[in-house]
>>> print(open('start24.cif').read())   # mmCIF, C-alpha atoms
data_coords
loop_
_atom_site.group_PDB
_atom_site.id
_atom_site.type_symbol
_atom_site.label_atom_id
_atom_site.label_comp_id
_atom_site.auth_asym_id
_atom_site.auth_seq_id
_atom_site.Cartn_x
_atom_site.Cartn_y
_atom_site.Cartn_z
ATOM 1 C CA MET G 14 -1.276 -37.795 15.598
ATOM 2 C CA ASN G 15 0.986 -34.903 16.529
ATOM 3 C CA PRO G 16 -0.505 -31.483 15.823
ATOM 4 C CA SER G 17 0.528 -29.581 12.721
ATOM 5 C CA GLU G 18 -0.554 -26.390 11.055
ATOM 6 C CA GLY G 19 -1.103 -28.296 7.813
ATOM 7 C CA GLU G 20 -3.588 -30.772 9.278
ATOM 8 C CA LEU G 21 -5.486 -27.959 10.985
ATOM 9 C CA PHE G 22 -5.538 -25.771 7.873
ATOM 10 C CA LYS G 23 -6.673 -28.669 5.650
ATOM 11 C CA LYS G 24 -9.571 -29.343 7.988
ATOM 12 C CA ILE G 25 -10.625 -25.698 8.231
ATOM 13 C CA LEU G 26 -10.232 -24.885 4.519
ATOM 14 C CA GLY G 27 -11.830 -28.091 3.223
ATOM 15 C CA PRO G 28 -11.919 -28.182 -0.601
ATOM 16 C CA ALA G 29 -10.260 -24.725 -0.760
ATOM 17 C CA TRP G 30 -7.003 -26.377 0.399
ATOM 18 C CA GLY G 31 -6.634 -27.782 -3.127
ATOM 19 C CA GLY G 32 -6.382 -24.231 -4.474
ATOM 20 C CA LEU G 33 -3.160 -23.547 -2.568
ATOM 21 C CA HIS G 34 0.087 -23.584 -4.516
ATOM 22 C CA PRO G 35 1.613 -27.095 -4.252
ATOM 23 C CA ASP G 36 4.753 -25.610 -2.647
ATOM 24 C CA ILE G 37 2.648 -24.170 0.190
ATOM 25 C CA GLN G 38 0.814 -27.454 0.633
ATOM 26 C CA ALA G 39 4.142 -29.306 0.850
ATOM 27 C CA ARG G 40 5.529 -26.736 3.286
ATOM 28 C CA PHE G 41 2.657 -27.243 5.725
ATOM 29 C CA ASP G 42 2.731 -31.025 5.351
ATOM 30 C CA HIS G 43 5.768 -31.107 7.657
ATOM 31 C CA ASN G 44 4.792 -32.012 11.212
ATOM 32 C CA PRO G 45 6.908 -30.616 14.068
ATOM 33 C CA MET G 46 7.372 -33.699 16.237
ATOM 34 C CA PRO G 47 7.942 -33.150 19.971
ATOM 35 C CA GLY G 48 11.647 -32.491 20.392
ATOM 36 C CA LYS G 49 12.085 -32.087 16.614
ATOM 37 C CA PRO G 50 10.991 -28.559 15.688
ATOM 38 C CA LEU G 51 10.926 -26.982 12.255
ATOM 39 C CA TYR G 52 13.249 -24.030 11.652
ATOM 40 C CA TYR G 53 12.910 -21.076 9.291
ATOM 41 C CA THR G 54 15.179 -18.110 8.755
ATOM 42 C CA GLY G 55 14.822 -14.915 6.802
ATOM 43 C CA ARG G 56 15.096 -11.160 6.712
ATOM 44 C CA MET G 57 12.520 -8.605 7.659
ATOM 45 C CA THR G 58 12.282 -6.093 4.834
ATOM 46 C CA GLU G 59 9.759 -3.859 6.586
ATOM 47 C CA LEU G 60 8.809 -3.238 10.208
ATOM 48 C CA THR G 61 6.694 -0.152 10.863
ATOM 49 C CA CYS G 62 4.282 1.213 13.428
ATOM 50 C CA SER G 63 2.179 4.361 13.531
ATOM 51 C CA ASN G 64 2.242 6.775 16.462
ATOM 52 C CA VAL G 65 -0.812 5.026 17.900
ATOM 53 C CA GLY G 66 0.842 1.663 17.288
ATOM 54 C CA ARG G 67 3.975 2.790 19.112
ATOM 55 C CA VAL G 68 1.954 3.719 22.191
ATOM 56 C CA LEU G 69 0.096 0.378 22.108
ATOM 57 C CA GLY G 70 3.366 -1.473 21.634
ATOM 58 C CA TYR G 71 5.003 0.070 24.688
ATOM 59 C CA LEU G 72 1.869 -0.339 26.820
ATOM 60 C CA THR G 73 1.470 -4.045 25.990
ATOM 61 C CA MET G 74 5.147 -5.017 25.976
ATOM 62 C CA PRO G 75 5.176 -6.158 29.636
ATOM 63 C CA LEU G 76 2.271 -8.539 28.869
ATOM 64 C CA ILE G 77 2.820 -9.723 25.292
ATOM 65 C CA GLN G 78 6.399 -8.801 24.475
ATOM 66 C CA GLY G 79 7.053 -8.901 20.758
ATOM 67 C CA ALA G 80 3.439 -9.258 19.621
ATOM 68 C CA LEU G 81 3.193 -5.515 18.931
ATOM 69 C CA MET G 82 6.654 -4.041 18.366
ATOM 70 C CA PRO G 83 6.851 -0.250 18.801
ATOM 71 C CA TYR G 84 9.733 0.162 16.337
ATOM 72 C CA ASN G 85 10.465 1.150 12.764
ATOM 73 C CA ASP G 86 13.267 -0.876 11.183
ATOM 74 C CA ALA G 87 14.207 -2.855 8.066
ATOM 75 C CA ASP G 88 16.702 -5.357 6.695
ATOM 76 C CA PHE G 89 17.382 -7.451 9.777
ATOM 77 C CA PRO G 90 17.366 -11.237 10.365
ATOM 78 C CA VAL G 91 14.517 -13.217 11.897
ATOM 79 C CA ASP G 92 14.607 -16.826 13.092
ATOM 80 C CA ILE G 93 11.430 -18.885 13.508
ATOM 81 C CA GLU G 94 10.952 -22.181 15.328
ATOM 82 C CA VAL G 95 7.718 -24.153 14.991
ATOM 83 C CA TYR G 96 7.273 -26.905 17.577
ATOM 84 C CA SER G 97 4.824 -29.117 19.427
ATOM 85 C CA LYS G 98 4.736 -30.470 22.972
ATOM 86 C CA GLU G 99 3.953 -33.966 24.120
ATOM 87 C CA GLY G 100 0.326 -34.199 25.211
ATOM 88 C CA SER G 101 -0.625 -30.781 23.826
ATOM 89 C CA ALA G 102 -2.845 -30.055 20.821
ATOM 90 C CA ALA G 103 -1.263 -26.627 20.331
ATOM 91 C CA ILE G 104 1.231 -25.630 17.640
ATOM 92 C CA PHE G 105 3.841 -23.237 19.014
ATOM 93 C CA LYS G 106 5.748 -20.628 17.011
ATOM 94 C CA GLN G 107 8.747 -18.776 18.442
ATOM 95 C CA ARG G 108 10.167 -15.794 16.569
ATOM 96 C CA ILE G 109 13.428 -14.006 17.327
ATOM 97 C CA TYR G 110 13.712 -10.558 15.730
ATOM 98 C CA ARG G 111 17.347 -9.411 15.586
ATOM 99 C CA LEU G 112 16.712 -5.710 15.118
ATOM 100 C CA ASN G 113 19.415 -3.242 14.141
ATOM 101 C CA GLY G 114 21.031 -1.617 17.171
ATOM 102 C CA ARG G 115 18.662 -3.227 19.689
ATOM 103 C CA LYS G 116 18.529 -6.327 21.820
ATOM 104 C CA PRO G 117 16.806 -9.248 20.050
ATOM 105 C CA VAL G 118 13.058 -9.468 20.666
ATOM 106 C CA GLN G 119 11.553 -12.918 21.232
ATOM 107 C CA PHE G 120 7.844 -13.569 20.745
ATOM 108 C CA THR G 121 6.069 -16.908 21.121
ATOM 109 C CA SER G 122 2.454 -17.625 20.224
ATOM 110 C CA TYR G 123 0.498 -20.811 19.867
ATOM 111 C CA MET G 124 -2.362 -21.917 17.647
ATOM 112 C CA LEU G 125 -5.064 -24.489 18.182
ATOM 113 C CA GLU G 126 -8.551 -25.484 17.112
ATOM 114 C CA SER G 127 -11.421 -24.624 19.435
ATOM 115 C CA ALA G 128 -14.215 -27.028 20.309
ATOM 116 C CA ARG G 129 -16.329 -25.129 17.783
ATOM 117 C CA GLY G 130 -13.859 -25.703 14.940
ATOM 118 C CA GLU G 131 -12.318 -22.224 15.034
ATOM 119 C CA VAL G 132 -8.628 -21.413 14.539
ATOM 120 C CA LEU G 133 -7.414 -19.511 17.604
ATOM 121 C CA GLU G 134 -4.013 -17.899 18.099
ATOM 122 C CA TYR G 135 -2.907 -16.991 21.623
ATOM 123 C CA VAL G 136 -0.244 -14.310 22.057
ATOM 124 C CA GLY G 137 0.220 -14.331 25.839
ATOM 125 C CA MET G 138 -1.552 -13.725 29.163
ATOM 126 C CA GLY G 139 -4.702 -15.411 27.828
ATOM 127 C CA MET G 140 -5.039 -12.874 25.019
ATOM 128 C CA GLY G 141 -5.709 -14.113 21.519
ATOM 129 C CA MET G 142 -7.675 -13.778 18.320
ATOM 130 C CA LYS G 143 -9.901 -15.899 16.136
ATOM 131 C CA LEU G 144 -8.519 -16.373 12.622
ATOM 132 C CA VAL G 145 -10.414 -16.853 9.355
ATOM 133 C CA LEU G 146 -8.479 -18.616 6.573
ATOM 134 C CA ALA G 147 -8.853 -18.128 2.827
ATOM 135 C CA VAL G 148 -7.055 -19.052 -0.392
ATOM 136 C CA ARG G 149 -6.549 -16.336 -2.991
ATOM 137 C CA ASP G 150 -4.370 -16.618 -6.101
ATOM 138 C CA GLY G 151 -2.856 -19.811 -4.696
ATOM 139 C CA ASN G 152 -1.642 -18.068 -1.544
ATOM 140 C CA LEU G 153 -2.770 -18.504 2.067
ATOM 141 C CA HIS G 154 -4.494 -15.583 3.800
ATOM 142 C CA PHE G 155 -5.493 -15.070 7.427
ATOM 143 C CA GLU G 156 -7.790 -12.390 8.845
ATOM 144 C CA SER G 157 -8.587 -11.820 12.495
ATOM 145 C CA ASP G 158 -12.249 -12.066 13.422
ATOM 146 C CA GLY G 159 -12.229 -10.593 16.886
ATOM 147 C CA TYR G 160 -9.836 -10.481 19.834
ATOM 148 C CA PHE G 161 -10.493 -11.994 23.234
ATOM 149 C CA TRP G 162 -9.104 -12.452 26.705
ATOM 150 C CA GLN G 163 -9.491 -15.970 28.067
ATOM 151 C CA ILE G 164 -9.918 -16.403 31.822
ATOM 152 C CA ALA G 165 -10.520 -19.809 33.447
ATOM 153 C CA GLY G 166 -11.448 -21.254 30.064
ATOM 154 C CA VAL G 167 -13.968 -18.511 29.264
ATOM 155 C CA ARG G 168 -13.347 -16.266 26.255
ATOM 156 C CA ILE G 169 -14.268 -12.633 26.877
ATOM 157 C CA PRO G 170 -14.547 -10.613 23.635
ATOM 158 C CA MET G 171 -12.584 -7.366 23.486
ATOM 159 C CA PRO G 172 -14.225 -4.251 21.977
ATOM 160 C CA ALA G 173 -12.722 -3.568 18.546
ATOM 161 C CA TRP G 174 -11.752 -0.012 19.456
ATOM 162 C CA LEU G 175 -9.605 -1.326 22.349
ATOM 163 C CA THR G 176 -7.582 -3.606 20.063
ATOM 164 C CA PRO G 177 -4.675 -2.691 17.746
ATOM 165 C CA GLY G 178 -6.973 -3.328 14.786
ATOM 166 C CA LYS G 179 -7.889 -6.094 12.365
ATOM 167 C CA THR G 180 -4.956 -8.336 11.466
ATOM 168 C CA TYR G 181 -4.270 -9.413 7.872
ATOM 169 C CA LEU G 182 -1.562 -11.957 7.058
ATOM 170 C CA CYS G 183 -0.536 -13.350 3.670
ATOM 171 C CA HIS G 184 1.776 -16.351 3.137
ATOM 172 C CA ARG G 185 2.865 -15.922 -0.493
ATOM 173 C CA ASN G 186 4.909 -18.527 -2.315
ATOM 174 C CA ASN G 187 8.049 -17.559 -4.214
ATOM 175 C CA ASN G 188 9.360 -21.043 -4.987
ATOM 176 C CA CYS G 189 9.699 -24.427 -3.279
ATOM 177 C CA ALA G 190 12.433 -23.058 -0.995
ATOM 178 C CA GLN G 191 11.244 -19.502 -0.299
ATOM 179 C CA PHE G 192 8.120 -17.618 0.750
ATOM 180 C CA ASP G 193 7.024 -14.120 1.761
ATOM 181 C CA ILE G 194 5.061 -13.167 4.860
ATOM 182 C CA ARG G 195 3.247 -9.848 5.090
ATOM 183 C CA ILE G 196 1.250 -8.733 8.136
ATOM 184 C CA GLU G 197 -0.825 -5.568 8.396
ATOM 185 C CA ILE G 198 -2.908 -4.480 11.380
ATOM 186 C CA ARG G 199 -5.532 -1.847 10.540
ATOM 187 C CA HIS G 200 -7.634 0.014 13.089
ATOM 188 C CA ALA G 201 -11.070 1.319 12.074
ATOM 189 C CA LEU G 202 -10.324 4.747 13.584
ATOM 190 C CA PHE G 203 -6.528 5.063 13.405
ATOM 191 C CA GLY G 204 -5.681 3.321 10.115
ATOM 192 C CA THR G 205 -2.708 0.986 9.722
ATOM 193 C CA THR G 206 -1.034 0.621 13.110
ATOM 194 C CA PHE G 207 1.556 -2.114 12.384
ATOM 195 C CA THR G 208 3.218 -3.646 9.334
ATOM 196 C CA GLN G 209 5.685 -6.507 8.977
ATOM 197 C CA ALA G 210 7.047 -7.997 5.758
ATOM 198 C CA GLY G 211 9.831 -10.501 5.215
ATOM 199 C CA VAL G 212 11.277 -13.278 3.056
ATOM 200 C CA PHE G 213 11.907 -16.708 4.577
ATOM 201 C CA ARG G 214 13.169 -20.210 3.844
ATOM 202 C CA GLU G 215 13.163 -23.468 5.760
ATOM 203 C CA VAL G 216 16.380 -24.578 7.432
ATOM 204 C CA ARG G 217 16.882 -28.346 7.314
ATOM 205 C CA PRO G 218 19.101 -29.996 9.963
#
>>> encode(input="start24.cif", output="structure tokens")
Amino acid sequence: MNPSEGELFKKILGPAWGGLHPDIQARFDHNPMPGKPLYYTGRMTELTCSNVGRVLGYLTMPLIQGALMPYNDADFPVDIEVYSKEGSAAIFKQRIYRLNGRKPVQFTSYMLESARGEVLEYVGMGMGMKLVLAVRDGNLHFESDGYFWQIAGVRIPMPAWLTPGKTYLCHRNNNCAQFDIRIEIRHALFGTTFTQAGVFREVRP
């Protein structure tokens, strides 16, 4: 079977999957076949970073461009492509942020299940985070549970104070054709460092 977010999330959530809004369940039931990606488009209504976030964004840009954007902006288009690769268990997600007055920023991450049944998202250069999934009010929530740097197959935990903060993501359903995504990254010492919010819909070929 080709990898899909839906199959992974069903396995991780177990019975809690049934509490998701049916539109969200149907949305994640689509499998991105190799060579046949899924496409989404939308508009970012909010993109913010704190002063600390801006410094982190510029410092990490050469390594993980687009993962931590050191900009404040709003009302600009975003295109998302979700795809798989032949022979790979990973689910890839490419985002293109078409910011106002700047060159587009492209960011690609991939998600997979670890041997221990964890959901891991890699953002580049072996850096990633473990994600914990939950269902609240019919919507899908993700929280980071530690960042790591993977070298030669070994995951090395990163101290929390060296990271941008704990990541919170909510996939909220609007209707069968539209959904909201909101991401907040909150540092224990420096407060909210990054925020993204947008409205999206699937684009069918």
>>> atom_distance(input="start24.cif", atom1="atom CA of Arg111 of chain G", atom2="atom CA of Met124 of chain G")
23.4 Å
>>> closest_atom_pairs(input="start24.cif", of="segment 159-194 of chain G", to="segment 129-134 of chain G", cutoff="12 Å", atoms="all atoms listed in the file", output="tab-separated table")
residue	atom	partner	partner_atom	distance
G:Gly159	CA	G:Leu133	CA	10.2
G:Tyr160	CA	G:Glu134	CA	9.6
G:Phe161	CA	G:Leu133	CA	9.9
G:Trp162	CA	G:Glu134	CA	11.4
G:Gln163	CA	G:Leu133	CA	11.2
G:Arg168	CA	G:Leu133	CA	11.0
G:Thr180	CA	G:Glu134	CA	11.7
>>> residues_near_point(input="start24.cif", point="(-1.8, -17.6, 7.4)", cutoff="6 Å", atoms="only C-alpha atoms", output="PyMOL selection string")
chain G and resi 153-155+182-184
>>> atom_distance(input="start24.cif", atom1="atom CA of Val216 of chain G", atom2="atom CA of Asp92 of chain G")
9.8 Å
>>> closest_residue(input="start24.cif", among="G:Gln119, G:Gly100, G:Glu94, G:Asp42", to="Gly79 of chain G", atoms="all atoms listed in the file")
G:Gln119
>>> residues_around(input="start24.cif", residues="Gln38 of chain G", least_positions_apart="6", cutoff="9 Å", atoms="only C-alpha atoms", output="ChimeraX atom specification")
/G:19,30-31
>>> atom_distance(input="start24.cif", atom1="atom CA of Pro90 of chain G", atom2="atom CA of Gln191 of chain G")
14.8 Å
>>> resolve_selection(input="start24.cif", expression="the PyMOL selection byres ((chain G and resi 106) around 9)", output="list in words")
Ile93, Glu94, Val95, Tyr96, Ser97, Ile104, Phe105, Gln107, Arg108, Phe120, Thr121, Ser122, Tyr123 and Met124 of chain G
>>> closest_residue(input="start24.cif", among="G:Ile198, G:Leu144, G:Val212, G:Ala190", to="Val65 of chain G", atoms="only C-alpha atoms")
G:Ile198
>>> residues_around(input="start24.cif", residues="Arg199 of chain G", least_positions_apart="4", cutoff="6 Å", atoms="all atoms listed in the file", output="ChimeraX atom specification")
/G:178-179,204-206
>>> residues_around(input="start24.cif", residues="Ile77 of chain G", least_positions_apart="3", cutoff="7 Å", atoms="only C-alpha atoms", output="PyMOL selection string")
chain G and resi 73-74+80+136-137
>>> resolve_selection(input="start24.cif", expression="the PyMOL selection byres ((chain G and resi 145) around 7)", output="ChimeraX atom specification")
/G:143-144,146-147,155-158
>>> write_last_selection(input="start24.cif", atoms="C-alpha atoms", output="PDB file, keeping the file's coordinate frame")
ATOM      1  CA  LYS G 143      -9.901 -15.899  16.136  1.00  0.00           C
ATOM      2  CA  LEU G 144      -8.519 -16.373  12.622  1.00  0.00           C
ATOM      3  CA  LEU G 146      -8.479 -18.616   6.573  1.00  0.00           C
ATOM      4  CA  ALA G 147      -8.853 -18.128   2.827  1.00  0.00           C
ATOM      5  CA  PHE G 155      -5.493 -15.070   7.427  1.00  0.00           C
ATOM      6  CA  GLU G 156      -7.790 -12.390   8.845  1.00  0.00           C
ATOM      7  CA  SER G 157      -8.587 -11.820  12.495  1.00  0.00           C
ATOM      8  CA  ASP G 158     -12.249 -12.066  13.422  1.00  0.00           C
TER       9      ASP G 158
END
>>> resolve_selection(input="start24.cif", expression="the PyMOL selection byres ((chain G and resi 51-56) around 9)", output="PyMOL selection string")
chain G and resi 43-46+49-50+57-58+87-96+210-218
>>> closest_residue(input="start24.cif", among="G:Glu99, G:Arg195, G:Pro28, G:Gly141", to="Gly48 of chain G", atoms="only C-alpha atoms")
G:Glu99
>>> residues_near_point(input="start24.cif", point="(10.2, -23.2, -2.9)", cutoff="9 Å", atoms="all atoms listed in the file", output="MDAnalysis selection string")
chainID G and resid 36:37 40 186:192 214
